[in-house]
file entry09.tsv (TSV, C-alpha atoms)
chain	number	residue	atom	x	y	z
A	1	MET	CA	119.37	145.11	85.55
A	2	TYR	CA	120.48	141.91	83.81
A	3	LEU	CA	122.94	141.24	86.62
A	4	GLU	CA	120.28	141.42	89.38
A	5	PHE	CA	117.74	139.34	87.51
A	6	GLY	CA	120.48	136.99	86.35
A	7	THR	CA	121.00	136.17	90.03
A	8	VAL	CA	117.26	135.45	90.32
A	9	LEU	CA	117.42	133.19	87.28
A	10	ALA	CA	120.51	131.40	88.57
A	11	PHE	CA	118.84	130.71	91.92
A	12	THR	CA	115.67	129.48	90.18
A	13	ILE	CA	117.64	127.04	88.03
A	14	LEU	CA	119.70	125.97	91.05
A	15	GLY	CA	116.48	125.33	93.02
A	16	ILE	CA	115.04	123.19	90.24
A	17	ILE	CA	118.29	121.19	89.92
A	18	LEU	CA	118.50	120.63	93.69
A	19	LEU	CA	114.91	119.37	93.79
A	20	MET	CA	115.51	117.06	90.86
A	21	VAL	CA	118.68	115.67	92.46
A	22	ALA	CA	116.83	115.06	95.74
A	23	LEU	CA	113.99	113.24	93.98
A	24	TRP	CA	116.42	111.24	91.85
A	25	LEU	CA	118.44	110.23	94.92
A	26	GLN	CA	115.36	109.02	96.79
A	27	LYS	CA	114.31	107.05	93.72
A	28	LEU	CA	117.79	105.51	93.62
A	29	LEU	CA	118.03	104.65	97.34
A	30	ALA	CA	114.48	103.90	98.50
A	31	PRO	CA	113.06	100.43	97.82
A	32	SER	CA	109.95	100.57	95.65
A	33	ASN	CA	107.27	98.17	96.85
A	34	PRO	CA	103.87	99.78	96.23
A	35	SER	CA	100.62	98.24	97.37
A	36	LYS	CA	97.03	99.44	97.04
A	37	LEU	CA	96.88	100.47	100.69
A	38	LYS	CA	100.14	102.41	100.49
A	39	GLN	CA	99.03	104.37	97.45
A	40	SER	CA	95.68	105.41	98.88
A	41	THR	CA	95.22	109.03	99.90
A	42	TYR	CA	96.20	109.85	103.47
A	43	GLU	CA	93.26	111.47	105.24
A	44	CYS	CA	94.33	111.73	108.88
A	45	GLY	CA	93.97	107.98	109.38
A	46	GLU	CA	90.41	107.83	108.05
A	47	GLU	CA	89.60	105.76	105.02
A	48	PRO	CA	89.26	108.11	102.06
A	49	GLU	CA	85.79	108.33	100.56
A	50	GLY	CA	84.93	109.57	97.11
A	51	SER	CA	87.05	111.80	94.95
A	52	ALA	CA	89.23	114.65	96.15
A	53	TRP	CA	87.67	116.80	93.45
A	54	VAL	CA	84.74	118.37	95.22
A	55	GLN	CA	82.94	121.57	94.44
A	56	PHE	CA	84.37	124.37	96.53
A	57	ASN	CA	82.24	126.88	98.35
A	58	ILE	CA	81.17	129.63	95.96
A	59	ARG	CA	82.20	132.16	98.61
A	60	PHE	CA	85.86	131.59	97.76
A	61	TYR	CA	85.23	133.10	94.34
A	62	ILE	CA	84.03	136.47	95.56
A	63	ILE	CA	86.91	136.62	98.04
A	64	ALA	CA	89.28	135.87	95.15
A	65	LEU	CA	87.71	138.69	93.13
A	66	VAL	CA	88.13	141.16	96.01
A	67	PHE	CA	91.70	139.94	96.43
A	68	LEU	CA	92.41	140.54	92.74
A	69	ILE	CA	91.25	144.17	92.96
A	70	PHE	CA	93.47	144.86	95.95
A	71	ASP	CA	96.31	142.98	94.23
A	72	VAL	CA	96.14	145.55	91.44
A	73	GLU	CA	96.13	148.28	94.08
A	74	VAL	CA	99.34	146.92	95.62
A	75	VAL	CA	100.98	147.12	92.17
A	76	PHE	CA	100.41	150.88	92.32
A	77	LEU	CA	101.87	151.00	95.82
A	78	PHE	CA	105.27	149.72	94.56
A	79	PRO	CA	106.34	152.78	92.53
A	80	TRP	CA	104.80	155.04	95.16
A	81	ALA	CA	106.88	153.46	97.92
A	82	VAL	CA	110.10	153.91	95.90
A	83	VAL	CA	109.65	157.69	95.42
A	84	PHE	CA	107.83	158.35	98.70
A	85	ARG	CA	110.83	159.70	100.60
A	86	GLU	CA	111.67	162.08	97.80
A	87	LEU	CA	108.20	163.54	97.29
A	88	GLY	CA	107.12	163.58	100.93
A	89	TRP	CA	103.67	164.77	101.94
A	90	LEU	CA	102.48	165.31	98.37
A	91	ALA	CA	102.84	161.59	97.66
A	92	MET	CA	101.22	160.75	101.00
A	93	VAL	CA	98.09	162.80	100.21
A	94	GLU	CA	97.87	161.47	96.65
A	95	MET	CA	98.07	157.86	97.80
A	96	GLY	CA	95.63	158.65	100.62
A	97	ILE	CA	92.98	159.74	98.10
A	98	PHE	CA	93.69	156.64	96.01
A	99	LEU	CA	93.25	154.33	98.99
A	100	VAL	CA	90.14	156.08	100.37
A	101	ILE	CA	88.33	155.63	97.02
A	102	LEU	CA	89.15	151.92	97.11
A	103	LEU	CA	88.14	151.60	100.76
A	104	VAL	CA	84.64	152.67	99.66
A	105	GLY	CA	84.56	149.46	97.61
A	106	LEU	CA	85.68	147.39	100.60
A	107	ALA	CA	82.99	149.02	102.75
A	108	TYR	CA	80.44	148.25	100.03
A	109	VAL	CA	81.19	144.51	99.83
A	110	TRP	CA	81.40	144.33	103.62
A	111	ARG	CA	78.05	146.08	104.11
A	112	LYS	CA	76.38	143.96	101.43
A	113	GLY	CA	77.47	140.81	103.25
A	114	ASP	CA	79.72	139.44	100.52
A	115	LEU	CA	82.49	138.80	103.01
A	116	ASP	CA	80.24	136.83	105.39
A	117	TRP	CA	80.70	133.09	105.49
A	118	VAL	CA	77.71	130.90	104.72
A	119	LYS	CA	76.90	127.40	105.86
A	120	LEU	CA	78.00	124.65	103.53
A	121	ASN	CA	75.53	123.35	101.02
A	122	MET	CA	74.97	119.88	102.42
A	123	LYS	CA	72.29	118.81	99.98
A	124	ASN	CA	74.72	116.63	98.03
A	125	ALA	CA	76.73	115.46	101.04
A	126	ARG	CA	78.03	111.94	100.71
A	127	GLY	CA	79.89	109.44	102.82
A	128	ARG	CA	80.62	110.42	106.38
A	129	TYR	CA	79.24	113.91	105.72
A	130	ARG	CA	75.78	112.54	105.04
A	131	ARG	CA	74.61	113.06	108.61
A	132	PHE	CA	74.91	116.82	108.01
A	133	ALA	CA	72.45	116.56	105.16
A	134	GLU	CA	69.95	114.64	107.26
A	135	ASP	CA	70.24	116.84	110.33
A	136	PRO	CA	71.12	120.44	109.47
A	137	ASN	CA	71.65	121.28	113.14
A	138	SER	CA	74.69	119.05	113.32
A	139	ASN	CA	76.25	121.53	110.91
A	140	LYS	CA	77.14	123.72	113.89
A	141	ASN	CA	80.18	121.75	114.89
A	142	PHE	CA	81.48	121.42	111.36
B	1	MET	CA	124.70	134.78	77.05
B	2	ALA	CA	121.73	137.11	76.72
B	3	GLU	CA	120.78	135.43	73.44
B	4	ILE	CA	120.76	131.99	75.08
B	5	THR	CA	118.61	133.32	77.93
B	6	PHE	CA	116.12	134.72	75.45
B	7	TRP	CA	115.79	131.46	73.55
B	8	LEU	CA	115.48	129.47	76.77
B	9	LEU	CA	112.73	131.80	78.02
B	10	ALA	CA	110.90	131.69	74.69
B	11	LEU	CA	111.16	127.90	74.58
B	12	PHE	CA	109.87	127.64	78.16
B	13	THR	CA	106.92	129.95	77.42
B	14	ILE	CA	105.92	128.24	74.19
B	15	ALA	CA	106.34	124.71	75.59
B	16	SER	CA	104.04	125.60	78.51
B	17	ALA	CA	101.55	127.20	76.11
B	18	VAL	CA	101.51	124.01	74.00
B	19	ILE	CA	100.67	122.00	77.15
B	20	VAL	CA	97.84	124.48	77.91
B	21	VAL	CA	96.30	123.83	74.50
B	22	THR	CA	96.88	120.10	74.19
B	23	SER	CA	96.23	118.91	77.76
B	24	ARG	CA	93.03	116.93	78.15
B	25	GLN	CA	92.60	117.80	81.80
B	26	LEU	CA	91.41	121.34	82.40
B	27	ILE	CA	93.29	121.63	85.69
B	28	TYR	CA	96.59	120.65	84.04
B	29	SER	CA	96.01	123.37	81.45
B	30	ALA	CA	95.52	125.93	84.22
B	31	VAL	CA	98.77	124.93	85.94
B	32	ALA	CA	100.67	124.96	82.64
B	33	LEU	CA	99.25	128.45	82.01
B	34	LEU	CA	100.96	129.53	85.23
B	35	PHE	CA	104.36	128.44	83.88
B	36	SER	CA	103.64	130.17	80.59
B	37	PHE	CA	102.99	133.40	82.50
B	38	ILE	CA	106.28	132.98	84.36
B	39	GLY	CA	108.06	132.70	81.01
B	40	VAL	CA	106.34	135.87	79.76
B	41	ALA	CA	107.44	137.67	82.95
B	42	GLY	CA	111.02	136.59	82.17
B	43	LEU	CA	110.65	137.97	78.63
B	44	TYR	CA	109.49	141.32	80.03
B	45	ILE	CA	112.54	141.50	82.27
B	46	TYR	CA	114.68	140.58	79.27
B	47	LEU	CA	113.25	143.69	77.53
B	48	TRP	CA	114.32	145.88	80.52
B	49	ALA	CA	110.73	146.23	81.72
B	50	ASP	CA	111.31	145.00	85.26
B	51	PHE	CA	108.20	146.69	86.67
B	52	ILE	CA	105.96	145.07	84.05
B	53	GLY	CA	107.63	141.74	84.85
B	54	VAL	CA	106.79	142.10	88.54
B	55	VAL	CA	103.23	143.15	87.65
B	56	GLN	CA	102.96	140.06	85.45
B	57	ILE	CA	104.02	137.83	88.35
B	58	MET	CA	101.77	139.56	90.88
B	59	ILE	CA	98.58	139.89	88.84
B	60	TYR	CA	98.70	137.10	86.28
B	61	ILE	CA	100.37	134.41	88.38
B	62	GLY	CA	99.13	135.49	91.81
B	63	GLY	CA	95.67	136.59	90.73
B	64	ILE	CA	94.35	135.48	87.34
B	65	THR	CA	95.67	131.90	87.47
B	66	ILE	CA	94.27	131.44	90.97
B	67	LEU	CA	90.94	132.82	89.75
B	68	ILE	CA	90.95	130.33	86.83
B	69	LEU	CA	91.77	127.46	89.22
B	70	PHE	CA	88.94	128.60	91.50
B	71	GLY	CA	86.66	128.73	88.48
B	72	ILE	CA	87.47	125.09	87.73
B	73	MET	CA	87.13	123.97	91.35
B	74	LEU	CA	83.85	125.82	91.79
B	75	THR	CA	82.34	124.14	88.76
B	76	ASN	CA	79.10	122.39	89.62
B	77	LYS	CA	78.92	118.59	89.57
B	78	ILE	CA	82.69	118.34	89.34
B	79	THR	CA	82.53	114.87	90.89
B	80	SER	CA	80.10	113.38	88.38
B	81	VAL	CA	81.59	114.85	85.20
B	82	ARG	CA	85.09	114.04	84.09
B	83	ILE	CA	86.57	117.51	83.77
B	84	SER	CA	88.22	117.37	80.41
B	85	HIS	CA	88.02	119.11	77.11
B	86	THR	CA	88.48	117.89	73.60
B	87	SER	CA	90.00	119.66	70.66
B	88	VAL	CA	87.33	120.29	68.07
B	89	GLN	CA	87.47	122.08	64.73
B	90	ARG	CA	91.20	121.55	64.36
B	91	ARG	CA	91.21	122.30	60.63
B	92	ILE	CA	89.46	125.66	60.96
B	93	ALA	CA	91.79	126.61	63.81
B	94	ALA	CA	94.86	125.56	61.77
B	95	GLY	CA	93.65	127.66	58.82
B	96	GLY	CA	92.99	130.72	60.99
B	97	LEU	CA	96.34	130.40	62.72
B	98	THR	CA	98.21	130.12	59.40
B	99	VAL	CA	96.59	133.36	58.21
B	100	LEU	CA	97.41	135.06	61.52
B	101	LEU	CA	101.03	133.84	61.40
B	102	GLY	CA	101.38	135.10	57.82
B	103	LEU	CA	100.00	138.51	58.82
B	104	LEU	CA	102.39	138.76	61.78
B	105	ILE	CA	105.43	137.76	59.70
B	106	THR	CA	104.47	140.28	56.98
B	107	MET	CA	104.10	142.96	59.65
B	108	ILE	CA	107.47	142.15	61.21
B	109	ILE	CA	109.22	142.27	57.82
B	110	LYS	CA	107.48	145.42	56.53
B	111	THR	CA	107.80	147.52	59.68
B	112	PRO	CA	110.85	149.84	59.57
B	113	TRP	CA	112.43	149.07	62.93
B	114	TYR	CA	114.49	151.85	64.43
B	115	LEU	CA	117.32	150.48	66.49
B	116	VAL	CA	118.13	152.77	69.38
B	117	ALA	CA	121.28	151.95	71.27
B	118	ALA	CA	120.12	152.71	74.80
B	119	SER	CA	122.13	152.02	77.92
B	120	GLU	CA	120.86	149.36	80.28
B	121	PRO	CA	118.80	150.97	83.07
B	122	THR	CA	119.36	149.93	86.67
B	123	GLN	CA	115.64	150.04	87.45
B	124	THR	CA	112.50	151.61	86.02
B	125	VAL	CA	110.26	151.68	89.09
B	126	GLU	CA	111.50	155.07	90.29
B	127	SER	CA	110.76	156.91	87.06
B	128	ILE	CA	107.36	155.19	86.84
B	129	GLY	CA	106.57	156.35	90.38
B	130	LYS	CA	107.54	159.96	89.61
B	131	MET	CA	105.49	159.98	86.42
B	132	LEU	CA	102.45	158.54	88.22
B	133	LEU	CA	102.54	160.97	91.12
B	134	ILE	CA	103.56	164.16	89.25
B	135	ASP	CA	102.84	164.09	85.50
B	136	TYR	CA	99.93	161.66	85.40
B	137	LEU	CA	98.25	162.32	88.71
B	138	LEU	CA	94.68	162.54	87.39
B	139	PRO	CA	94.83	159.24	85.44
B	140	PHE	CA	96.36	157.67	88.56
B	141	GLU	CA	93.39	158.72	90.69
B	142	VAL	CA	90.95	157.73	87.94
B	143	VAL	CA	92.47	154.22	88.05
B	144	SER	CA	91.27	154.05	91.65
B	145	ILE	CA	87.69	154.85	90.56
B	146	LEU	CA	87.99	152.26	87.77
B	147	LEU	CA	89.07	149.64	90.32
B	148	LEU	CA	86.15	150.65	92.56
B	149	GLY	CA	83.77	150.13	89.65
B	150	ALA	CA	85.34	146.75	88.86
B	151	LEU	CA	85.03	145.66	92.50
B	152	ILE	CA	81.36	146.64	92.79
B	153	GLY	CA	80.54	145.14	89.39
B	154	ALA	CA	82.28	141.84	90.19
B	155	ALA	CA	80.57	141.62	93.58
B	156	THR	CA	77.15	142.30	92.03
B	157	LEU	CA	77.63	139.69	89.30
B	158	ALA	CA	78.97	137.06	91.71
B	159	ARG	CA	76.09	137.72	94.12
B	160	ARG	CA	73.40	137.19	91.49
B	161	GLY	CA	73.95	133.42	91.46
B	162	ARG	CA	72.59	133.06	94.98
call {"tool": "encode", "arguments": {"input": "entry09.tsv", "output": "structure tokens"}}
result
Amino acid sequence: MYLEFGTVLAFTILGIILLMVALWLQKLLAPSNPSKLKQSTYECGEEPEGSAWVQFNIRFYIIALVFLIFDVEVVFLFPWAVVFRELGWLAMVEMGIFLVILLVGLAYVWRKGDLDWVKLNMKNARGRYRRFAEDPNSNKNF
Amino acid sequence: MAEITFWLLALFTIASAVIVVTSRQLIYSAVALLFSFIGVAGLYIYLWADFIGVVQIMIYIGGITILILFGIMLTNKITSVRISHTSVQRRIAAGGLTVLLGLLITMIIKTPWYLVAASEPTQTVESIGKMLLIDYLLPFEVVSILLLGALIGAATLARRGR
């Protein structure tokens, strides 16, 4: 076991060293001449407005929660997949029951509309997004 | 070689944990927590628990840390408030931690450790899979119901805010 994971560790350390060498080389070779315009955030050619720290849509949270539950489910799939060939149909039926119970949960959140996307809350829109706050119908193309 | 790896992993974990506690920016703390979890996963693998190590990476790094980051990014009025935290009540915390450290050291010294010279396993996932599907089938299926309950409960709580 140590040998296999030792390889993983070696590759991780090698990756970090390679990245550091690349960054160090560019620092060594590239001329450093920063200006205010150069250091501003690149936003597809537009002038950046406000901070990049905005409140994200609350819908991401519930999706993350659903993801976490199914993440735990996948953890149980790992040992099942390793012994599946050996145990055959017995393992298939057992995992089938396991998955069907969890699919009830997926059906529940789907039916309750937790997976639906909602329109953005434009009440606090600023900058070039302000027109969405004034005219909610222009939200359609967003 | 194994000793050096252990100390490197422990140092990596503790250094990241120190950044989690001392960082003034909440988002830096969350990212440092991720590295601390990676170190803990390495420690699990060091203890021949490769499955637990993978679970640590999948759930704690892939799930919990992302959830914490989402929690920070979803915080209301994140633009108007400087998201930072300050360390308060340092003295009380230092006192409590000293007591806890003393208790842990006493426990480590007083426990009669039995050293079993086991051979290094190639992998543990196969035996875990057999145990889950043959010996502990009912708990395995009950876990599914537990996850269902967690999913419905989380969805209900998250929905209440709207």
call {"tool": "residues_around", "arguments": {"input": "entry09.tsv", "residues": "segment 97-109 of chain A", "least_positions_apart": "3", "cutoff": "6 Å", "atoms": "all atoms listed in the file", "output": "list in words"}}
result
Glu94, Lys112 and Asp114 of chain A; Glu141, Ser144 and Leu148 of chain B
call {"tool": "interface_residues", "arguments": {"input": "entry09.tsv", "of": "chain A", "to": "chain B", "cutoff": "9 Å", "atoms": "all atoms listed in the file", "output": "VMD selection string"}}
result
chain A and resid 1 to 2 4 to 5 9 50 to 58 60 to 62 64 to 73 75 to 84 87 90 to 91 94 to 95 97 to 99 101 to 106 108 to 109 114
call {"tool": "atom_distance", "arguments": {"input": "entry09.tsv", "atom1": "atom CA of Lys38 of chain A", "atom2": "atom CA of Leu18 of chain A"}}
result
26.7 Å
call {"tool": "atom_distance", "arguments": {"input": "entry09.tsv", "atom1": "atom CA of Ser36 of chain B", "atom2": "atom CA of Leu9 of chain B"}}
result
9.6 Å
call {"tool": "closest_residue", "arguments": {"input": "entry09.tsv", "among": "B:Leu43, B:Ala118, B:Ala30, B:Ile57", "to": "Ser16 of chain B", "atoms": "only C-alpha atoms"}}
result
B:Ala30
call {"tool": "atom_distance", "arguments": {"input": "entry09.tsv", "atom1": "atom CA of Val8 of chain A", "atom2": "atom CA of Val116 of chain B"}}
result
27.2 Å
call {"tool": "residues_near_point", "arguments": {"input": "entry09.tsv", "point": "(107.1, 129.4, 75.3)", "cutoff": "12 Å", "atoms": "only C-alpha atoms", "output": "ChimeraX atom specification"}}
result
/B:6-20,32-43
call {"tool": "closest_residue", "arguments": {"input": "entry09.tsv", "among": "B:Gly153, B:Thr98, B:Val88, B:Ile27", "to": "Thr65 of chain B", "atoms": "only C-alpha atoms"}}
result
B:Ile27
call {"tool": "axis_aligned_box", "arguments": {"input": "entry09.tsv", "around": "segment 33-46 of chain B", "padding_each_side": "8 Å", "output": "JSON"}}
result
{"center_x": 107.0, "center_y": 135.0, "center_z": 81.9, "size_x": 31.4, "size_y": 29.1, "size_z": 22.6}
